[in-house]
Amino acid sequence: MTWGEPPIEGAPPPRGRGLVFALGLGAVSWAWSEVGFWAHFRADDNPVVWILTWLLYSLAAGVVVAVLRRFPVRGAASLILVGAVYGWLVEGVIAATVYLALPLSIIWTGVAWHGLLTVCIGWYALPRVVSRGGPRAYLACALVGIAWGLWSVSWWGAPPDDGQTAATPELASYAIFVAIVSMAGACGYLLMHTQAPIQSLPRSPWPLRAAVAALAGWGILNIVIPLPWAPLVLAALLAIAITALRRLSGTASDDTAVVDDRGLAVALPLGWQPGVAASSLAPFLAVPAVAIATYAALSVVAPSETGQGPFYVGFAATVAVLSVLGTGALLWSLWQAWRHTPTHAEAEA
């Protein structure tokens with residue numbers, strides 16, 4: 001039996017499917033975008049903060065799902081733009097990072113980390129490979145584990161933020177941390193496979209309105225009051241991305257979604273679909289295992305001080321490379337959008 005079986009004919013449609021999917025997507029986003037980024041326990045980490053952050057990420061993810069419904073992804077350019085929308089919502093509404101070092105902060109971390117890694121890899125590429133199974137699934141997860149392990153050890157050379165302690169090579173603590181984060185991510189993937197939205201089910205506009213209102217309230221209290229001009233920057237960035245998505249995908253709606261052999265539409269163009277076996281997520285176990293092994297192998301050469309040495313160079317180089325890649329990907333996506341000539345039908349829709 002697979003998870004997320006289609007509803008029985010004649011039975012009332014299940015309620016709350018989209019909400020559970022958004023919470024699952026929020027868990028995946030929390031794992032990739034938040035704690036996966038910091039890669040170690042921080043001084044202010046506690047269950048309350050983690051749950052609040054997960055809920056905020058779920059709100060942002062829910063809004064992005066609505067964008068995906070309106071403008072389905074049709075290629076790498078639109079996927080990168082969806083990632084930019086998600087990253088700017090996270091760093092421009094939940095946090096204020098996007099405004100702190102303009103124009104560099106437009107890219108890091110909103111596009112370079114949240115967009116490229118969380119959305120393009122965490123939402124799209126990795127789950128598609130894993131659900132297909134086979135050696136490629138284990139290889140992909142092992143590569144993610146290696147990358148996460150290397151990023152984790154690079155924090156040994158990074159100076160700590162104010163109020164935080166420096167990351168040190170504590171294998172037991174890191175193993176617990178990785179286990180928690182990986183379990184949250186795996187549960188998120190499982191919920192997404194279980195509760196992937198079904199095309200034929202009716203949808204209410206109120207959940208989206210509530211998500212937007214909650215994010216707006218958070219942003220006003222935490223961002224707009226200290227930075228009254230912030231909404232102008234965020235609105236301009238989102239307008240550019242949405243306009244580009246419109247040009248790439250026209251005004252296509254869910255009516256154009258592909259229907260599978262059971263009569264269910266693939267409601268999300270990111271490939272999520274009901275009825276995927278839970279056992280298909282087994283390769284994901286390679287991520288924490290390889291990350292911990294990489295961390296342990298490099299512990300013997302850990303630096304004695306932060307802010308110097310090869311680990312600091314690795315940290316700075318990773319930030320620089322991802323920022324360059326994020327800038328290039330965003331500019332390429334915008335170029336693709338503006339070189340695209342909408343069809344006559346798209347123009348009239």
# chains A, B, ... in the order shown; residues from 1 in each chain; ligands from 1
>>> closest_atom_pairs(of="range 39-73 of chain A", to="range 180-186 of chain A", cutoff="12 Å", atoms="only C-alpha atoms", output="CSV")
residue,atom,partner,partner_atom,distance
A:Ala39,CA,A:Val181,CA,9.3
A:His40,CA,A:Val181,CA,10.1
A:Phe41,CA,A:Val181,CA,10.7
A:Pro47,CA,A:Ile180,CA,11.3
A:Trp50,CA,A:Val181,CA,10.6
A:Ile51,CA,A:Ala184,CA,11.1
A:Trp54,CA,A:Ala184,CA,9.9
>>> residues_around(residues="Pro159 in chain A", least_positions_apart="6", cutoff="9 Å", atoms="only C-alpha atoms", output="PyMOL selection string")
chain A and resi 165-167+306-308+312
>>> write_last_selection(atoms="C-alpha atoms", output="mmCIF file, in the first residue's frame")
data_model
loop_
_atom_site.group_PDB
_atom_site.id
_atom_site.type_symbol
_atom_site.label_atom_id
_atom_site.label_comp_id
_atom_site.auth_asym_id
_atom_site.auth_seq_id
_atom_site.Cartn_x
_atom_site.Cartn_y
_atom_site.Cartn_z
ATOM 1 C CA THR A 165 29.444 30.627 20.569
ATOM 2 C CA ALA A 166 31.939 29.462 17.963
ATOM 3 C CA ALA A 167 31.281 26.131 16.258
ATOM 4 C CA THR A 306 38.215 30.820 14.315
ATOM 5 C CA GLY A 307 38.472 33.409 11.593
ATOM 6 C CA GLN A 308 41.589 32.023 9.991
ATOM 7 C CA TYR A 312 37.694 29.937 7.127
#
>>> closest_residue(among="A:Ala179, A:Ala286, A:Val319, A:Ala293", to="Tyr138 in chain A", atoms="only C-alpha atoms")
A:Ala286
>>> closest_residue(among="A:Leu126, A:Leu56, A:Ile240, A:Val82", to="Leu215 in chain A", atoms="only C-alpha atoms")
A:Leu56
>>> residues_around(residues="range 231-236 of chain A", least_positions_apart="6", cutoff="8 Å", atoms="only C-alpha atoms", output="list in words")
Trp88, Gly92, Tyr99 and Val224 of chain A
>>> residues_around(residues="Asp162 in chain A", least_positions_apart="5", cutoff="12 Å", atoms="only C-alpha atoms", output="list in words")
Arg42, Ala43 and Asp44 of chain A
>>> write_last_selection(atoms="C-alpha atoms", output="CSV table (one decimal), in the first residue's frame")
chain,number,residue,atom,x,y,z
A,42,ARG,CA,23.3,27.6,18.4
A,43,ALA,CA,23.0,29.4,21.7
A,44,ASP,CA,19.3,30.4,21.2
>>> residues_around(residues="Phe284 in chain A", least_positions_apart="4", cutoff="9 Å", atoms="only C-alpha atoms", output="PDB file with N, CA and C atoms, in the first residue's frame")
ATOM      1  N   PRO A 127      14.123  15.157  -4.218  1.00  0.00           N
ATOM      2  CA  PRO A 127      12.985  14.238  -4.061  1.00  0.00           C
ATOM      3  C   PRO A 127      12.612  13.505  -5.344  1.00  0.00           C
ATOM      4  N   VAL A 130      15.191  10.675  -5.556  1.00  0.00           N
ATOM      5  CA  VAL A 130      14.982   9.685  -4.500  1.00  0.00           C
ATOM      6  C   VAL A 130      13.748   8.837  -4.777  1.00  0.00           C
ATOM      7  N   ALA A 137      19.735   7.312  -6.617  1.00  0.00           N
ATOM      8  CA  ALA A 137      19.117   7.931  -5.446  1.00  0.00           C
ATOM      9  C   ALA A 137      20.097   7.949  -4.277  1.00  0.00           C
ATOM     10  N   TYR A 138      20.764   6.813  -4.036  1.00  0.00           N
ATOM     11  CA  TYR A 138      21.737   6.742  -2.943  1.00  0.00           C
ATOM     12  C   TYR A 138      22.941   7.632  -3.229  1.00  0.00           C
ATOM     13  N   ALA A 140      22.970  10.422  -5.054  1.00  0.00           N
ATOM     14  CA  ALA A 140      22.566  11.813  -4.884  1.00  0.00           C
ATOM     15  C   ALA A 140      22.520  12.184  -3.407  1.00  0.00           C
ATOM     16  N   CYS A 141      21.949  11.322  -2.584  1.00  0.00           N
ATOM     17  CA  CYS A 141      21.857  11.602  -1.154  1.00  0.00           C
ATOM     18  C   CYS A 141      23.246  11.609  -0.505  1.00  0.00           C
ATOM     19  N   ALA A 142      24.136  10.722  -0.961  1.00  0.00           N
ATOM     20  CA  ALA A 142      25.500  10.719  -0.434  1.00  0.00           C
ATOM     21  C   ALA A 142      26.219  12.016  -0.778  1.00  0.00           C
ATOM     22  N   SER A 182      17.578  15.777   9.994  1.00  0.00           N
ATOM     23  CA  SER A 182      17.255  14.811   8.944  1.00  0.00           C
ATOM     24  C   SER A 182      15.888  14.183   9.175  1.00  0.00           C
ATOM     25  N   ALA A 186      12.880  14.333   6.562  1.00  0.00           N
ATOM     26  CA  ALA A 186      12.259  13.107   6.054  1.00  0.00           C
ATOM     27  C   ALA A 186      10.762  13.100   6.330  1.00  0.00           C
ATOM     28  N   SER A 280      10.178   4.502  -0.567  1.00  0.00           N
ATOM     29  CA  SER A 280      11.031   5.130  -1.571  1.00  0.00           C
ATOM     30  C   SER A 280      11.947   6.181  -0.963  1.00  0.00           C
ATOM     31  N   PRO A 288      22.251  11.915   6.375  1.00  0.00           N
ATOM     32  CA  PRO A 288      22.871  12.100   7.694  1.00  0.00           C
ATOM     33  C   PRO A 288      24.076  11.199   7.915  1.00  0.00           C
TER      34      PRO A 288
END
>>> select_by_dssp(residues="range 45-119 of chain A", states="alpha helix (DSSP H)", output="VMD selection string")
chain A and resid 47 to 70 76 to 89 104 to 107
>>> write_last_selection(atoms="N, CA and C atoms", output="compact mmCIF listing (two decimals), in the first residue's frame")
# COMPACT_ATOMS: atom_id res chain seq x y z
N PRO A 47 13.18 24.20 21.53
CA PRO A 47 12.01 23.70 20.80
C PRO A 47 11.02 24.77 20.41
N VAL A 48 10.81 25.76 21.26
CA VAL A 48 9.83 26.81 20.95
C VAL A 48 10.28 27.61 19.73
N VAL A 49 11.54 28.00 19.71
CA VAL A 49 12.07 28.76 18.57
C VAL A 49 12.01 27.93 17.30
N TRP A 50 12.36 26.66 17.40
CA TRP A 50 12.34 25.80 16.22
C TRP A 50 10.92 25.63 15.69
N ILE A 51 9.94 25.44 16.57
CA ILE A 51 8.56 25.27 16.13
C ILE A 51 8.04 26.55 15.50
N LEU A 52 8.34 27.70 16.12
CA LEU A 52 7.91 28.97 15.55
C LEU A 52 8.52 29.17 14.16
N THR A 53 9.80 28.88 14.02
CA THR A 53 10.46 29.02 12.73
C THR A 53 9.86 28.10 11.69
N TRP A 54 9.58 26.86 12.08
CA TRP A 54 8.92 25.89 11.17
C TRP A 54 7.57 26.44 10.69
N LEU A 55 6.78 27.01 11.59
CA LEU A 55 5.47 27.53 11.21
C LEU A 55 5.61 28.73 10.27
N LEU A 56 6.60 29.58 10.53
CA LEU A 56 6.82 30.73 9.64
C LEU A 56 7.26 30.26 8.26
N TYR A 57 8.14 29.28 8.21
CA TYR A 57 8.55 28.73 6.92
C TYR A 57 7.38 28.07 6.21
N SER A 58 6.48 27.46 6.95
CA SER A 58 5.30 26.85 6.36
C SER A 58 4.39 27.91 5.74
N LEU A 59 4.27 29.06 6.40
CA LEU A 59 3.48 30.15 5.83
C LEU A 59 4.09 30.63 4.51
N ALA A 60 5.41 30.83 4.50
CA ALA A 60 6.08 31.26 3.28
C ALA A 60 5.93 30.21 2.18
N ALA A 61 6.07 28.94 2.55
CA ALA A 61 5.94 27.86 1.57
C ALA A 61 4.53 27.82 1.01
N GLY A 62 3.53 28.04 1.87
CA GLY A 62 2.15 28.05 1.39
C GLY A 62 1.90 29.14 0.36
N VAL A 63 2.48 30.31 0.57
CA VAL A 63 2.34 31.39 -0.39
C VAL A 63 3.02 31.02 -1.72
N VAL A 64 4.19 30.40 -1.64
CA VAL A 64 4.90 30.00 -2.86
C VAL A 64 4.12 28.92 -3.61
N VAL A 65 3.46 28.02 -2.89
CA VAL A 65 2.62 27.02 -3.55
C VAL A 65 1.52 27.70 -4.36
N ALA A 66 0.95 28.77 -3.80
CA ALA A 66 -0.06 29.52 -4.54
C ALA A 66 0.52 30.14 -5.81
N VAL A 67 1.76 30.64 -5.71
CA VAL A 67 2.43 31.17 -6.90
C VAL A 67 2.63 30.06 -7.93
N LEU A 68 2.98 28.87 -7.47
CA LEU A 68 3.18 27.74 -8.38
C LEU A 68 1.88 27.34 -9.06
N ARG A 69 0.78 27.43 -8.36
CA ARG A 69 -0.51 27.12 -8.98
C ARG A 69 -0.81 28.12 -10.10
N ARG A 70 -0.47 29.35 -9.86
CA ARG A 70 -0.79 30.40 -10.83
C ARG A 70 0.18 30.38 -12.00
N ALA A 76 14.08 25.38 -16.11
CA ALA A 76 15.00 25.83 -15.08
C ALA A 76 14.83 27.29 -14.73
N ALA A 77 14.54 28.13 -15.73
CA ALA A 77 14.43 29.56 -15.47
C ALA A 77 13.29 29.87 -14.50
N SER A 78 12.14 29.28 -14.73
CA SER A 78 11.01 29.54 -13.85
C SER A 78 11.22 28.92 -12.47
N LEU A 79 11.91 27.78 -12.41
CA LEU A 79 12.21 27.17 -11.11
C LEU A 79 13.12 28.09 -10.29
N ILE A 80 14.11 28.68 -10.92
CA ILE A 80 15.01 29.61 -10.22
C ILE A 80 14.25 30.84 -9.74
N LEU A 81 13.32 31.32 -10.54
CA LEU A 81 12.53 32.49 -10.14
C LEU A 81 11.61 32.16 -8.97
N VAL A 82 11.03 30.97 -8.98
CA VAL A 82 10.22 30.54 -7.83
C VAL A 82 11.09 30.48 -6.58
N GLY A 83 12.32 29.98 -6.74
CA GLY A 83 13.26 29.97 -5.62
C GLY A 83 13.56 31.36 -5.11
N ALA A 84 13.69 32.31 -6.03
CA ALA A 84 13.94 33.70 -5.62
C ALA A 84 12.76 34.26 -4.84
N VAL A 85 11.54 33.98 -5.29
CA VAL A 85 10.35 34.44 -4.56
C VAL A 85 10.36 33.88 -3.15
N TYR A 86 10.62 32.59 -3.03
CA TYR A 86 10.67 31.97 -1.70
C TYR A 86 11.78 32.60 -0.85
N GLY A 87 12.97 32.74 -1.42
CA GLY A 87 14.09 33.29 -0.65
C GLY A 87 13.84 34.72 -0.21
N TRP A 88 13.23 35.53 -1.06
CA TRP A 88 12.97 36.92 -0.69
C TRP A 88 11.85 37.02 0.34
N LEU A 89 10.89 36.11 0.30
CA LEU A 89 9.87 36.09 1.35
C LEU A 89 10.50 35.74 2.70
N LEU A 104 24.18 43.44 -2.33
CA LEU A 104 24.67 42.07 -2.18
C LEU A 104 23.66 41.19 -1.46
N SER A 105 22.93 41.77 -0.49
CA SER A 105 21.99 40.99 0.30
C SER A 105 20.76 40.56 -0.49
N ILE A 106 20.59 41.08 -1.68
CA ILE A 106 19.51 40.59 -2.55
C ILE A 106 19.78 39.14 -2.95
N ILE A 107 21.06 38.83 -3.11
CA ILE A 107 21.45 37.49 -3.56
C ILE A 107 21.74 36.57 -2.38
>>> closest_residue(among="A:Val119, A:Ala175, A:Ala241, A:Leu248", to="Gly26 in chain A", atoms="only C-alpha atoms")
A:Val119
>>> closest_residue(among="A:Leu245, A:Ile176, A:Ala230, A:Leu322", to="Ile292 in chain A", atoms="only C-alpha atoms")
A:Ile176
>>> closest_residue(among="A:Val93, A:Arg17, A:Pro207, A:Ala158", to="Phe315 in chain A", atoms="only C-alpha atoms")
A:Ala158
